[in-house]
$ cat start22.txt   # compact mmCIF, C-alpha atoms and all ligand atoms
# COMPACT_ATOMS: atom_id res chain seq x y z
CA MET A 1 -32.13 -13.19 34.73
CA GLY A 2 -32.61 -9.47 35.25
CA LYS A 3 -32.25 -6.92 32.50
CA LYS A 4 -29.04 -5.55 33.97
CA THR A 5 -27.42 -8.98 34.11
CA THR A 6 -28.34 -9.62 30.49
CA VAL A 7 -26.89 -6.31 29.40
CA LEU A 8 -23.70 -6.96 31.38
CA LEU A 9 -23.41 -10.45 29.97
CA VAL A 10 -23.85 -9.24 26.41
CA LEU A 11 -21.34 -6.44 26.97
CA GLY A 12 -18.90 -8.90 28.56
CA VAL A 13 -19.12 -11.35 25.68
CA PHE A 14 -18.85 -8.51 23.19
CA THR A 15 -15.75 -7.08 24.89
CA ALA A 16 -14.10 -10.48 25.17
CA TYR A 17 -14.78 -11.06 21.49
CA ARG A 18 -13.34 -7.67 20.60
CA VAL A 19 -10.27 -8.09 22.79
CA TYR A 20 -9.57 -11.61 21.65
CA THR A 21 -7.25 -11.63 18.68
CA PRO A 22 -5.72 -14.94 17.71
CA LEU A 23 -2.10 -13.85 17.41
CA PRO A 24 0.62 -16.34 16.52
CA ASP A 25 3.21 -17.17 19.22
CA THR A 26 5.90 -15.51 17.19
CA ALA A 27 4.29 -12.05 17.34
CA GLU A 28 6.64 -9.57 18.95
CA GLU A 29 5.20 -7.46 21.77
CA PRO A 30 1.80 -9.28 21.89
CA TRP A 31 0.24 -6.91 24.45
CA LYS A 32 0.88 -3.87 22.36
CA LEU A 33 -0.62 -5.68 19.40
CA THR A 34 -3.69 -6.65 21.39
CA CYS A 35 -4.26 -3.04 22.47
CA LEU A 36 -3.77 -1.84 18.93
CA SER A 37 -6.19 -4.44 17.68
CA VAL A 38 -8.90 -3.49 20.21
CA MET A 39 -8.60 0.19 19.35
CA LEU A 40 -8.79 -0.42 15.64
CA LYS A 41 -11.67 -2.88 15.88
CA THR A 42 -13.59 -0.43 18.04
CA ALA A 43 -12.96 2.40 15.58
CA ILE A 44 -14.14 0.28 12.66
CA ASP A 45 -17.18 -0.97 14.61
CA LEU A 46 -18.17 2.58 15.48
CA ALA A 47 -17.73 3.70 11.88
CA THR A 48 -19.75 0.71 10.70
CA VAL A 49 -22.58 1.51 13.12
CA ALA A 50 -22.47 5.13 11.97
CA GLU A 51 -22.73 3.87 8.40
CA LEU A 52 -25.68 1.62 9.27
CA VAL A 53 -27.65 4.48 10.79
CA GLY A 54 -26.98 6.51 7.66
CA ILE A 55 -24.42 9.08 8.85
CA GLY A 56 -22.08 8.35 5.95
CA HIS A 57 -19.81 5.81 4.30
CA CYS A 58 -17.65 3.91 6.81
CA MET A 59 -14.39 5.06 5.17
CA SER A 60 -15.53 8.69 5.00
CA ILE A 61 -16.18 8.59 8.73
CA ILE A 62 -12.74 7.10 9.41
CA MET A 63 -11.24 9.70 7.08
CA PHE A 64 -13.02 12.46 9.02
CA PHE A 65 -11.23 11.37 12.20
CA LEU A 66 -7.93 10.79 10.41
CA ARG A 67 -8.09 14.39 9.18
CA LEU A 68 -7.66 15.48 12.80
CA GLN A 69 -4.10 14.16 12.49
CA ASP A 70 -3.31 16.42 9.54
CA VAL A 71 -0.56 18.96 9.97
CA SER A 72 0.17 22.10 7.98
CA PRO A 73 3.19 22.42 5.68
CA THR A 74 5.55 23.98 8.22
CA SER A 75 9.10 24.71 7.11
CA GLU A 76 11.95 24.14 9.55
CA GLU A 77 15.56 25.19 9.84
CA ASN A 78 16.87 22.77 7.21
CA ILE A 79 13.85 22.06 5.00
CA THR A 80 11.33 24.18 3.18
CA VAL A 81 7.89 22.58 3.05
CA MET A 82 5.03 23.72 0.84
CA ASP A 83 1.71 22.61 -0.56
CA THR A 84 1.08 23.12 -4.24
CA THR A 85 -0.48 21.30 -7.19
CA PHE A 86 1.14 19.28 -9.97
CA ASN A 87 -1.14 19.18 -12.97
CA SER A 88 -4.02 20.10 -10.61
CA VAL A 89 -3.21 17.22 -8.23
CA PRO A 90 -2.40 18.41 -4.67
CA VAL A 91 1.16 17.62 -3.56
CA ARG A 92 3.37 18.52 -0.59
CA ILE A 93 7.03 19.23 -1.37
CA TYR A 94 10.00 19.02 0.99
CA ILE A 95 13.13 20.82 -0.19
CA PRO A 96 16.41 20.65 1.76
CA ASN A 97 17.85 24.12 2.34
CA ARG A 98 21.49 23.06 2.28
CA LYS A 99 23.19 25.00 -0.46
CA SER A 100 25.27 23.01 -2.91
CA GLU A 101 26.20 23.13 -6.57
CA ALA A 102 25.14 19.55 -7.13
CA LEU A 103 21.59 18.69 -8.08
CA LYS A 104 19.60 16.75 -5.49
CA ARG A 105 17.98 13.36 -5.64
CA GLY A 106 14.18 13.32 -6.02
CA LEU A 107 11.69 10.97 -4.43
CA PHE A 108 8.01 10.81 -5.38
CA TYR A 109 6.00 9.34 -2.49
CA ILE A 110 2.50 7.83 -2.65
CA HIS A 111 0.60 7.32 0.62
CA GLY A 112 -1.41 4.22 1.49
CA GLY A 113 -4.88 3.75 2.99
CA GLY A 114 -6.70 1.23 0.82
CA TRP A 115 -7.37 3.80 -1.94
CA SER A 116 -10.05 5.09 0.50
CA ILE A 117 -8.30 6.98 3.29
CA GLY A 118 -5.01 8.74 3.99
CA SER A 119 -3.41 12.02 3.00
CA ASN A 120 0.02 13.51 2.44
CA ALA A 121 -0.80 15.99 5.23
CA ASN A 122 -1.31 13.22 7.79
CA PHE A 123 1.14 13.64 10.65
CA HIS A 124 2.75 10.22 10.01
CA TYR A 125 3.30 10.79 6.30
CA ASP A 126 4.48 14.34 6.85
CA SER A 127 7.02 13.16 9.38
CA LEU A 128 8.27 10.31 7.14
CA SER A 129 8.75 12.74 4.24
CA ARG A 130 10.68 15.22 6.41
CA GLN A 131 12.89 12.45 7.66
CA THR A 132 13.50 11.20 4.12
CA ALA A 133 14.34 14.68 2.82
CA LYS A 134 16.80 15.25 5.66
CA ARG A 135 18.47 11.87 5.65
CA LEU A 136 18.90 11.69 1.87
CA ASP A 137 19.30 15.41 1.26
CA ALA A 138 16.63 14.80 -1.38
CA VAL A 139 13.61 16.67 -2.68
CA VAL A 140 10.52 14.71 -1.65
CA VAL A 141 7.19 15.13 -3.43
CA SER A 142 4.34 13.53 -1.51
CA THR A 143 1.23 13.30 -3.65
CA ASN A 144 -2.45 13.06 -2.88
CA TYR A 145 -5.11 11.48 -5.08
CA ARG A 146 -8.88 11.24 -5.05
CA LEU A 147 -10.39 8.55 -2.84
CA VAL A 148 -13.16 5.99 -2.49
CA PRO A 149 -16.16 6.25 -1.91
CA LYS A 150 -16.45 9.18 -4.31
CA TYR A 151 -13.92 7.89 -6.82
CA HIS A 152 -12.97 4.44 -8.02
CA PHE A 153 -10.32 2.86 -10.24
CA PRO A 154 -8.75 4.19 -12.42
CA THR A 155 -9.16 7.68 -10.89
CA GLN A 156 -6.61 7.03 -8.12
CA PHE A 157 -4.08 5.64 -10.60
CA GLU A 158 -4.66 8.43 -13.08
CA GLY A 159 -4.31 11.16 -10.45
CA VAL A 160 -0.99 9.80 -9.26
CA TYR A 161 0.25 9.34 -12.81
CA LYS A 162 -0.70 12.89 -13.79
CA SER A 163 1.14 14.28 -10.79
CA LEU A 164 4.24 12.12 -11.40
CA LYS A 165 4.39 13.12 -15.07
CA TRP A 166 4.34 16.75 -14.05
CA PHE A 167 7.21 16.18 -11.64
CA LEU A 168 9.22 14.49 -14.41
CA ARG A 169 9.06 17.56 -16.66
CA ARG A 170 12.55 19.04 -17.22
CA ASP A 171 11.47 22.55 -16.24
CA VAL A 172 9.87 21.31 -13.01
CA LEU A 173 12.93 19.26 -12.04
CA LYS A 174 15.09 22.28 -12.75
CA ARG A 175 12.93 24.56 -10.62
CA TYR A 176 13.40 22.25 -7.61
CA GLY A 177 17.06 21.47 -8.33
CA VAL A 178 16.46 17.75 -8.92
CA ASP A 179 18.89 15.52 -10.82
CA PRO A 180 16.91 13.84 -13.66
CA LYS A 181 19.15 10.77 -13.36
CA ARG A 182 18.37 10.19 -9.70
CA ILE A 183 14.61 10.01 -9.30
CA GLY A 184 12.68 7.31 -7.49
CA VAL A 185 9.12 6.35 -6.63
CA SER A 186 8.01 4.94 -3.27
CA GLY A 187 4.76 4.03 -1.61
CA ASP A 188 3.30 1.90 1.14
CA SER A 189 0.36 -0.51 0.94
CA ALA A 190 -2.15 0.89 -1.59
CA GLY A 191 0.53 3.52 -2.30
CA GLY A 192 2.95 0.66 -3.05
CA ASN A 193 0.36 -0.69 -5.46
CA LEU A 194 0.15 2.69 -7.19
CA ALA A 195 3.95 3.10 -7.16
CA ALA A 196 4.40 -0.28 -8.88
CA ALA A 197 1.65 0.55 -11.36
CA VAL A 198 2.96 3.98 -12.38
CA SER A 199 6.52 2.65 -12.65
CA GLN A 200 5.27 0.09 -15.17
CA GLN A 201 3.18 2.65 -17.03
CA LEU A 202 6.17 4.98 -17.51
CA ILE A 203 8.14 2.33 -19.42
CA ASP A 204 6.24 2.71 -22.68
CA ASP A 205 5.01 6.25 -22.27
CA PRO A 206 6.19 8.21 -25.33
CA ASP A 207 5.77 11.55 -23.50
CA ILE A 208 8.34 10.72 -20.86
CA LYS A 209 12.01 10.85 -21.65
CA ILE A 210 13.22 10.58 -18.07
CA ARG A 211 13.74 7.11 -16.58
CA LEU A 212 13.25 6.27 -12.94
CA LYS A 213 16.37 5.17 -11.13
CA ILE A 214 14.61 3.14 -8.45
CA GLN A 215 11.24 2.07 -7.05
CA SER A 216 10.70 1.09 -3.44
CA LEU A 217 7.54 -0.75 -2.45
CA ILE A 218 6.56 -1.09 1.21
CA TYR A 219 4.15 -3.98 1.88
CA PRO A 220 2.47 -3.38 -1.48
CA VAL A 221 -0.85 -4.86 -2.64
CA LEU A 222 -0.05 -6.25 -6.09
CA GLN A 223 -2.86 -8.52 -7.21
CA THR A 224 -6.56 -9.17 -6.72
CA LEU A 225 -6.80 -12.62 -8.30
CA ASP A 226 -5.74 -15.11 -5.66
CA LEU A 227 -6.97 -14.14 -2.21
CA GLU A 228 -6.00 -17.53 -0.75
CA THR A 229 -2.20 -17.37 -0.82
CA PRO A 230 -0.39 -18.69 2.29
CA SER A 231 -0.14 -15.17 3.72
CA TYR A 232 -3.88 -14.61 3.16
CA ARG A 233 -4.61 -17.92 4.88
CA GLU A 234 -2.38 -17.20 7.87
CA ASN A 235 -3.36 -13.64 8.65
CA VAL A 236 -7.16 -13.57 8.35
CA HIS A 237 -7.53 -11.75 11.69
CA PHE A 238 -4.17 -10.09 12.09
CA PRO A 239 -4.37 -6.40 13.08
CA PRO A 240 -4.49 -3.78 11.80
CA LEU A 241 -5.60 -5.25 8.48
CA PRO A 242 -7.91 -8.25 8.87
CA LYS A 243 -9.10 -9.88 5.67
CA SER A 244 -12.61 -8.45 6.06
CA LEU A 245 -11.18 -4.93 5.92
CA LEU A 246 -8.79 -5.64 3.05
CA LEU A 247 -11.60 -7.18 0.99
CA ARG A 248 -13.66 -4.08 1.57
CA PHE A 249 -10.78 -1.86 0.41
CA LEU A 250 -10.03 -4.09 -2.57
CA SER A 251 -13.61 -4.45 -3.76
CA GLU A 252 -14.47 -0.80 -3.25
CA TYR A 253 -11.48 0.28 -5.30
CA PHE A 254 -13.58 -0.99 -8.21
CA THR A 255 -17.18 -0.75 -7.10
CA MET A 256 -19.60 -0.32 -4.19
CA ASP A 257 -21.47 -3.43 -5.35
CA ARG A 258 -21.30 -5.76 -2.33
CA ALA A 259 -21.85 -8.78 -4.60
CA PHE A 260 -18.29 -8.23 -5.80
CA GLU A 261 -16.91 -8.21 -2.27
CA LYS A 262 -18.83 -11.41 -1.55
CA ALA A 263 -17.41 -13.12 -4.63
CA MET A 264 -13.93 -12.07 -3.50
CA PHE A 265 -14.59 -13.51 -0.07
CA PHE A 266 -15.16 -16.93 -1.65
CA ASN A 267 -12.23 -16.39 -4.03
CA GLN A 268 -14.71 -16.82 -6.89
CA HIS A 269 -14.53 -13.45 -8.58
CA VAL A 270 -12.29 -14.38 -11.52
CA PRO A 271 -14.07 -15.74 -14.61
CA VAL A 272 -12.75 -18.85 -16.32
CA GLU A 273 -11.94 -16.75 -19.43
CA SER A 274 -9.18 -15.13 -17.36
CA ALA A 275 -7.67 -18.46 -16.25
CA HIS A 276 -4.46 -17.68 -18.16
CA LEU A 277 -3.71 -14.82 -15.72
CA PHE A 278 -3.28 -17.19 -12.79
CA LYS A 279 0.22 -18.10 -13.94
CA PHE A 280 1.33 -14.57 -12.98
CA VAL A 281 0.19 -15.06 -9.38
CA ASN A 282 0.86 -18.77 -8.99
CA TRP A 283 2.40 -18.89 -5.53
CA SER A 284 3.21 -22.55 -5.96
CA SER A 285 5.84 -21.65 -8.52
CA LEU A 286 6.64 -18.07 -7.41
CA LEU A 287 7.22 -18.39 -3.67
CA PRO A 288 10.56 -19.69 -2.42
CA GLU A 289 10.11 -22.93 -0.42
CA ASN A 290 10.56 -21.23 2.97
CA PHE A 291 7.64 -18.89 2.26
CA LYS A 292 5.21 -21.63 1.25
CA LYS A 293 5.13 -22.60 4.91
CA GLY A 294 3.73 -26.05 4.28
CA HIS A 295 0.58 -24.87 2.50
CA PHE A 296 -0.85 -26.78 -0.45
CA TYR A 297 -1.69 -25.02 -3.67
CA ASN A 298 -5.33 -25.31 -4.69
CA SER A 299 -6.15 -24.83 -8.33
CA PRO A 300 -8.11 -21.63 -8.94
CA THR A 301 -11.88 -21.60 -8.54
CA TYR A 302 -13.85 -19.53 -11.01
CA GLY A 303 -16.95 -17.39 -10.87
CA THR A 304 -19.34 -16.09 -13.50
CA SER A 305 -18.06 -13.66 -16.08
CA GLU A 306 -20.80 -11.18 -15.19
CA LEU A 307 -18.83 -9.42 -12.43
CA ALA A 308 -15.67 -9.19 -14.52
CA LYS A 309 -17.68 -7.67 -17.38
CA LYS A 310 -19.19 -5.08 -15.06
CA TYR A 311 -15.97 -4.28 -13.17
CA PRO A 312 -13.06 -5.18 -15.44
CA GLY A 313 -10.69 -2.98 -13.41
CA PHE A 314 -9.56 -5.74 -11.08
CA LEU A 315 -8.03 -7.62 -14.02
CA ASP A 316 -6.27 -4.47 -15.23
CA VAL A 317 -2.51 -4.39 -14.84
CA ARG A 318 -2.76 -0.81 -13.56
CA ALA A 319 -4.62 -2.20 -10.54
CA ALA A 320 -2.74 -5.50 -10.27
CA PRO A 321 0.90 -4.94 -11.29
CA LEU A 322 1.68 -8.67 -10.88
CA LEU A 323 -0.34 -9.26 -14.05
CA ALA A 324 2.30 -7.59 -16.24
CA ASP A 325 4.22 -9.97 -18.48
CA ASP A 326 8.00 -10.37 -18.43
CA ASN A 327 8.53 -8.12 -21.46
CA LYS A 328 7.11 -5.29 -19.42
CA LEU A 329 8.77 -6.17 -16.13
CA CYS A 330 12.27 -6.25 -17.60
CA GLY A 331 12.04 -2.49 -18.26
CA LEU A 332 11.62 -1.66 -14.56
CA PRO A 333 14.23 0.24 -12.52
CA VAL A 334 16.24 -1.15 -9.59
CA THR A 335 13.69 -2.24 -7.02
CA CYS A 336 13.33 -2.77 -3.29
CA VAL A 337 10.34 -4.69 -1.93
CA ILE A 338 9.69 -4.69 1.81
CA THR A 339 7.38 -7.35 3.21
CA CYS A 340 6.15 -8.13 6.72
CA GLU A 341 5.68 -11.59 8.18
CA HIS A 342 2.17 -11.08 9.61
CA ASP A 343 0.55 -9.50 6.61
CA LEU A 344 -2.12 -10.70 4.18
CA VAL A 345 -0.25 -9.25 1.22
CA ARG A 346 3.20 -10.61 2.20
CA ASP A 347 3.09 -13.10 -0.68
CA ASP A 348 2.10 -10.40 -3.20
CA GLY A 349 5.42 -8.70 -2.50
CA ILE A 350 7.45 -11.91 -2.52
CA MET A 351 5.91 -13.11 -5.78
CA TYR A 352 6.80 -9.76 -7.34
CA VAL A 353 10.39 -10.17 -6.17
CA THR A 354 10.58 -13.57 -7.92
CA ARG A 355 8.95 -12.26 -11.06
CA LEU A 356 11.32 -9.29 -11.25
CA GLN A 357 14.33 -11.55 -10.66
CA ASN A 358 13.13 -13.85 -13.45
CA ALA A 359 12.81 -10.83 -15.73
CA GLY A 360 16.39 -9.77 -14.94
CA VAL A 361 15.58 -6.70 -12.83
CA ARG A 362 17.95 -5.89 -9.96
CA VAL A 363 15.76 -6.38 -6.92
CA THR A 364 16.32 -6.41 -3.16
CA HIS A 365 13.89 -8.12 -0.83
CA LYS A 366 13.74 -6.98 2.78
CA HIS A 367 11.57 -9.06 5.05
CA ILE A 368 10.59 -7.88 8.52
CA GLU A 369 10.09 -11.06 10.55
CA ASP A 370 8.01 -9.56 13.33
CA GLY A 371 6.36 -6.96 11.17
CA PHE A 372 2.71 -6.49 10.25
CA HIS A 373 0.85 -4.41 7.69
CA GLY A 374 0.92 -0.66 8.29
CA LEU A 375 3.89 -1.01 10.65
CA LEU A 376 5.47 2.22 9.44
CA PHE A 377 2.91 4.18 11.44
CA PHE A 378 2.71 2.28 14.71
CA TYR A 379 4.97 3.94 17.23
CA GLY A 380 6.29 1.85 20.07
CA PHE A 381 6.94 -1.31 18.06
CA LYS A 382 10.62 -2.15 17.74
CA SER A 383 10.07 -3.57 14.27
CA LYS A 384 8.73 -0.19 13.07
CA TYR A 385 12.15 1.37 13.57
CA ARG A 386 13.81 -1.57 11.85
CA LEU A 387 11.55 -1.23 8.84
CA GLU A 388 12.05 2.52 8.63
CA ASN A 389 15.79 2.14 8.88
CA GLU A 390 15.93 -0.60 6.23
CA TYR A 391 13.79 1.54 3.93
CA LEU A 392 15.83 4.72 4.34
CA SER A 393 19.24 3.06 4.17
CA TRP A 394 18.32 1.24 0.97
CA LEU A 395 17.14 4.53 -0.56
CA SER A 396 20.25 6.28 0.61
CA GLU A 397 22.49 3.70 -1.07
CA ASN A 398 20.54 3.20 -4.28
CA LEU A 399 18.79 6.42 -5.24
C1 LIG B 401 20.30 21.80 10.47
O1 LIG B 401 21.55 21.43 9.89
C2 LIG B 401 22.67 21.78 10.66
C3 LIG B 401 23.93 21.46 9.85
O2 LIG B 401 23.89 20.15 9.34
C4 LIG B 401 22.62 21.07 12.00
O3 LIG B 401 23.74 21.40 12.80
C5 LIG B 401 21.32 21.42 12.70
O4 LIG B 401 21.21 20.69 13.92
C6 LIG B 401 20.13 21.15 11.83
N1 LIG B 401 18.91 21.64 12.46
C7 LIG B 401 17.87 20.85 12.73
C8 LIG B 401 16.69 21.51 13.39
O5 LIG B 401 17.82 19.67 12.45
C1 LIG B 402 0.95 -23.45 -10.62
O1 LIG B 402 2.24 -24.03 -10.51
C2 LIG B 402 2.23 -25.43 -10.30
C3 LIG B 402 3.65 -25.96 -10.16
O2 LIG B 402 4.56 -25.04 -9.72
C4 LIG B 402 1.54 -26.14 -11.45
O3 LIG B 402 1.48 -27.52 -11.17
C5 LIG B 402 0.14 -25.57 -11.62
O4 LIG B 402 -0.45 -26.13 -12.76
C6 LIG B 402 0.17 -24.08 -11.77
N1 LIG B 402 -1.19 -23.58 -11.80
C7 LIG B 402 -1.57 -22.52 -12.54
C8 LIG B 402 -2.99 -22.16 -12.50
O5 LIG B 402 -0.77 -21.87 -13.20

$ encode --input "start22.txt" --output "C-alpha cells"
Amino acid sequence: MGKKTTVLLVLGVFTAYRVYTPLPDTAEEPWKLTCLSVMLKTAIDLATVAELVGIGHCMSIIMFFLRLQDVSPTSEENITVMDTTFNSVPVRIYIPNRKSEALKRGLFYIHGGGWSIGSNANFHYDSLSRQTAKRLDAVVVSTNYRLVPKYHFPTQFEGVYKSLKWFLRRDVLKRYGVDPKRIGVSGDSAGGNLAAAVSQQLIDDPDIKIRLKIQSLIYPVLQTLDLETPSYRENVHFPPLPKSLLLRFLSEYFTMDRAFEKAMFFNQHVPVESAHLFKFVNWSSLLPENFKKGHFYNSPTYGTSELAKKYPGFLDVRAAPLLADDNKLCGLPVTCVITCEHDLVRDDGIMYVTRLQNAGVRVTHKHIEDGFHGLLFFYGFKSKYRLENEYLSWLSENL
C-alpha cells in the first residue's frame, strides 16, 4: 500500500469516526445534529491538539475563539445597555427605556459554559438578555465571573454571589428603578448550577433583607456524586456535551489533577465516609417512573478518601445544590426547572424538582422532549424556540 493510500485511509476512518454520532431515533432534525456534532468535535479536537503541543489550555483556546462572538454594549431605541461592575465583578445591564411610574422587575442572569468558558458579552447571551428585558419590561443584569483554568471553585460561586449581593442593595435597586419584591435569578447549565447555589446561600445570609421572588434554572448541573444516572447512561455521546467533555468541566471546576477526572469517569470519586449524601441524589427514589426509563439502580461505588480530602469542593453544597437538606430547600423561592430529553444532566434537574416538591416549594417542571444540552444557543432547531418561549413566558407570568 502506497503512502498516499495509507494517509487517505487513515483520514477516511478518522472522518467517519468524527461524523458518526450514535443519535437515538427520536432525535429531531438528525442531520442538523450531525453537522453540529462534527463541528463541535472538530473544534474540541483542534483545541486538544493545540493543548498537546503546548499552545495553551484547551478551554482557554476555545474561549479565545468564543471571544470573537462578543458584542459591545450597544443601546437601542427601547433599551439602554451598559457595562459596569458590581462589587468589582463585571456585569452588563439592560434597562428598558419605557417611562412609567411603576418600578420594574429585575432579573439577575448567570451564563453557562462549564465554569470554564462563556461571557455576558457573547452574542447569544447578549441577545437573550435584550429579548428578556424587552419582553418582560424588566431590568436584566447579566454577570460575569472568573473562569477555569485560572480559577477554581469557589471563586466562580463567590464572584457571582458578590455581584448578586450588590444588586440586592436598596440603593442599587433604586438607582435602576427595580421593585425589591420582584427580583429573580436565572442561569443555564453551569450558570443554572450557580443560580441554584446562590439562591440557597441567600436564605440564611444575615446581610440580605431582600428575598428572591423566583429562580429559573435551564438544564442546570446540580450534583457531582452520581455520574451514572439514567440520563448520564443514555447520553454519553450526545452533542454538544458528551460525557468526556462534561467530566472535564466538572473535574476542572475543582482541580486540574487528572486523577480526579479519572476517578469521576469510573464513578469512584466519592469516599465511603460521604455515603450518607447519596440519599440526596438517589434517582431510584427521586425520579418519577417515566423518567427511570427502565434502568436499574446500582448501589454507589466508593473510592479512596484521598481525593475528597484534597478537593473537598465537589461535596460542597455550593457546588452541588442537590446536597442541601430539606430544611434549606423549603426556604427557596418559586422555581422553574427546564430539562432536555437528550442531556446528561436531565436527571439532575428532575431530581431537584422532586426534592423541591417534597420540601413544599412551588415548582414548575418544563421538559423539552426533543431538546439537548445548550439548546438555547443553537439556531435552526425548532426546539430552541420552544425552550426560549417556555422560559420567557414562565418568567413573564411568575416574576
Ligand atoms: C420600541 O417601542 C415602540 C413602542 O412599544 C415600538 O413601536 C417600536 O417598534 C420599538 N422599537 C424597536 C426597535 O423595537
Ligand atoms: C435508593 O433508593 C432505593 C429505593 O427507592 C433504596 O432501596 C436504596 O437503598 C437507596 N440507596 C441509597 C444509597 O440511598

$ residues_around --input "start22.txt" --residues "Asn398 (chain A)" --least-positions-apart "6" --cutoff "12 Å" --atoms "all atoms listed in the file" --output "list in words"
Arg105, Leu107, Leu136, Lys181, Arg182, Ile183, Gly184, Leu212, Lys213, Ile214, Gln215, Ser216, Pro333, Val334, Thr335, Cys336, Arg362, Val363, Thr364, Tyr391 and Leu392 of chain A

$ residues_near_ligand --input "start22.txt" --ligand "ligand LIG 401 (chain B)" --cutoff "7 Å" --atoms "all atoms listed in the file" --output "ChimeraX atom specification"
/A:76-78

$ residues_near_point --input "start22.txt" --point "(-4.8, -19.4, -11.7)" --cutoff "10 Å" --atoms "all atoms listed in the file" --output "MDAnalysis selection string"
chainID A and resid 225:226 270 272 274:283 298:302

$ residues_around --input "start22.txt" --residues "region 191-204 of chain A" --least-positions-apart "5" --cutoff "7 Å" --atoms "only C-alpha atoms" --output "PDB file with C-alpha atoms, in the coordinates of the input"
ATOM      1  CA  ILE A 110       2.500   7.830  -2.650  1.00  0.00           C
ATOM      2  CA  HIS A 111       0.600   7.320   0.620  1.00  0.00           C
ATOM      3  CA  GLY A 112      -1.410   4.220   1.490  1.00  0.00           C
ATOM      4  CA  PHE A 157      -4.080   5.640 -10.600  1.00  0.00           C
ATOM      5  CA  TYR A 161       0.250   9.340 -12.810  1.00  0.00           C
ATOM      6  CA  VAL A 185       9.120   6.350  -6.630  1.00  0.00           C
ATOM      7  CA  SER A 186       8.010   4.940  -3.270  1.00  0.00           C
ATOM      8  CA  LEU A 217       7.540  -0.750  -2.450  1.00  0.00           C
ATOM      9  CA  ILE A 218       6.560  -1.090   1.210  1.00  0.00           C
ATOM     10  CA  TYR A 219       4.150  -3.980   1.880  1.00  0.00           C
ATOM     11  CA  PRO A 220       2.470  -3.380  -1.480  1.00  0.00           C
ATOM     12  CA  VAL A 221      -0.850  -4.860  -2.640  1.00  0.00           C
ATOM     13  CA  LEU A 222      -0.050  -6.250  -6.090  1.00  0.00           C
ATOM     14  CA  ARG A 318      -2.760  -0.810 -13.560  1.00  0.00           C
ATOM     15  CA  ALA A 319      -4.620  -2.200 -10.540  1.00  0.00           C
ATOM     16  CA  PRO A 321       0.900  -4.940 -11.290  1.00  0.00           C
ATOM     17  CA  GLY A 331      12.040  -2.490 -18.260  1.00  0.00           C
ATOM     18  CA  LEU A 332      11.620  -1.660 -14.560  1.00  0.00           C
TER      19      LEU A 332
END

$ atom_distance --input "start22.txt" --atom1 "CA of Gly360 (chain A)" --atom2 "CA of Cys330 (chain A)"
6.0 Å

$ closest_residue --input "start22.txt" --among "A:Leu287, A:Leu173, A:Ala133, A:Ile44" --to "ligand LIG 402 (chain B)" --atoms "all atoms listed in the file"
A:Leu287

$ closest_residue --input "start22.txt" --among "A:Phe377, A:Tyr385, A:Phe249, A:Phe266" --to "Tyr125 (chain A)" --atoms "all atoms listed in the file"
A:Phe377

$ decode --input "start22.txt" --residues "region 342-352 of chain A" --atoms "N, CA, C and O atoms" --output "PDB file, in the first residue's frame"
ATOM      1  N   HIS A 342     -32.391  14.834  25.695  1.00  0.00           N
ATOM      2  CA  HIS A 342     -31.090  14.257  25.343  1.00  0.00           C
ATOM      3  C   HIS A 342     -29.985  15.050  26.025  1.00  0.00           C
ATOM      4  O   HIS A 342     -29.281  15.845  25.397  1.00  0.00           O
ATOM      5  N   ASP A 343     -29.868  14.867  27.309  1.00  0.00           N
ATOM      6  CA  ASP A 343     -28.941  15.682  28.082  1.00  0.00           C
ATOM      7  C   ASP A 343     -28.457  14.874  29.281  1.00  0.00           C
ATOM      8  O   ASP A 343     -29.263  14.325  30.041  1.00  0.00           O
ATOM      9  N   LEU A 344     -27.150  14.834  29.464  1.00  0.00           N
ATOM     10  CA  LEU A 344     -26.561  14.099  30.592  1.00  0.00           C
ATOM     11  C   LEU A 344     -27.151  14.538  31.930  1.00  0.00           C
ATOM     12  O   LEU A 344     -27.357  13.714  32.820  1.00  0.00           O
ATOM     13  N   VAL A 345     -27.390  15.838  32.077  1.00  0.00           N
ATOM     14  CA  VAL A 345     -27.817  16.348  33.379  1.00  0.00           C
ATOM     15  C   VAL A 345     -29.345  16.471  33.494  1.00  0.00           C
ATOM     16  O   VAL A 345     -29.848  17.091  34.429  1.00  0.00           O
ATOM     17  N   ARG A 346     -30.071  15.856  32.570  1.00  0.00           N
ATOM     18  CA  ARG A 346     -31.544  15.862  32.651  1.00  0.00           C
ATOM     19  C   ARG A 346     -32.021  15.430  34.046  1.00  0.00           C
ATOM     20  O   ARG A 346     -32.855  16.084  34.669  1.00  0.00           O
ATOM     21  N   ASP A 347     -31.461  14.323  34.550  1.00  0.00           N
ATOM     22  CA  ASP A 347     -31.945  13.790  35.828  1.00  0.00           C
ATOM     23  C   ASP A 347     -31.557  14.662  37.020  1.00  0.00           C
ATOM     24  O   ASP A 347     -32.237  14.637  38.045  1.00  0.00           O
ATOM     25  N   ASP A 348     -30.477  15.435  36.899  1.00  0.00           N
ATOM     26  CA  ASP A 348     -30.140  16.400  37.957  1.00  0.00           C
ATOM     27  C   ASP A 348     -31.336  17.330  38.158  1.00  0.00           C
ATOM     28  O   ASP A 348     -31.810  17.535  39.282  1.00  0.00           O
ATOM     29  N   GLY A 349     -31.820  17.894  37.054  1.00  0.00           N
ATOM     30  CA  GLY A 349     -32.927  18.840  37.114  1.00  0.00           C
ATOM     31  C   GLY A 349     -34.190  18.189  37.647  1.00  0.00           C
ATOM     32  O   GLY A 349     -34.889  18.765  38.485  1.00  0.00           O
ATOM     33  N   ILE A 350     -34.478  16.964  37.177  1.00  0.00           N
ATOM     34  CA  ILE A 350     -35.731  16.318  37.586  1.00  0.00           C
ATOM     35  C   ILE A 350     -35.675  15.927  39.071  1.00  0.00           C
ATOM     36  O   ILE A 350     -36.659  16.061  39.798  1.00  0.00           O
ATOM     37  N   MET A 351     -34.508  15.480  39.516  1.00  0.00           N
ATOM     38  CA  MET A 351     -34.388  15.144  40.946  1.00  0.00           C
ATOM     39  C   MET A 351     -34.584  16.391  41.815  1.00  0.00           C
ATOM     40  O   MET A 351     -35.175  16.330  42.887  1.00  0.00           O
ATOM     41  N   TYR A 352     -34.093  17.533  41.308  1.00  0.00           N
ATOM     42  CA  TYR A 352     -34.265  18.776  42.071  1.00  0.00           C
ATOM     43  C   TYR A 352     -35.747  19.145  42.146  1.00  0.00           C
ATOM     44  O   TYR A 352     -36.230  19.580  43.196  1.00  0.00           O
TER      45      TYR A 352
END
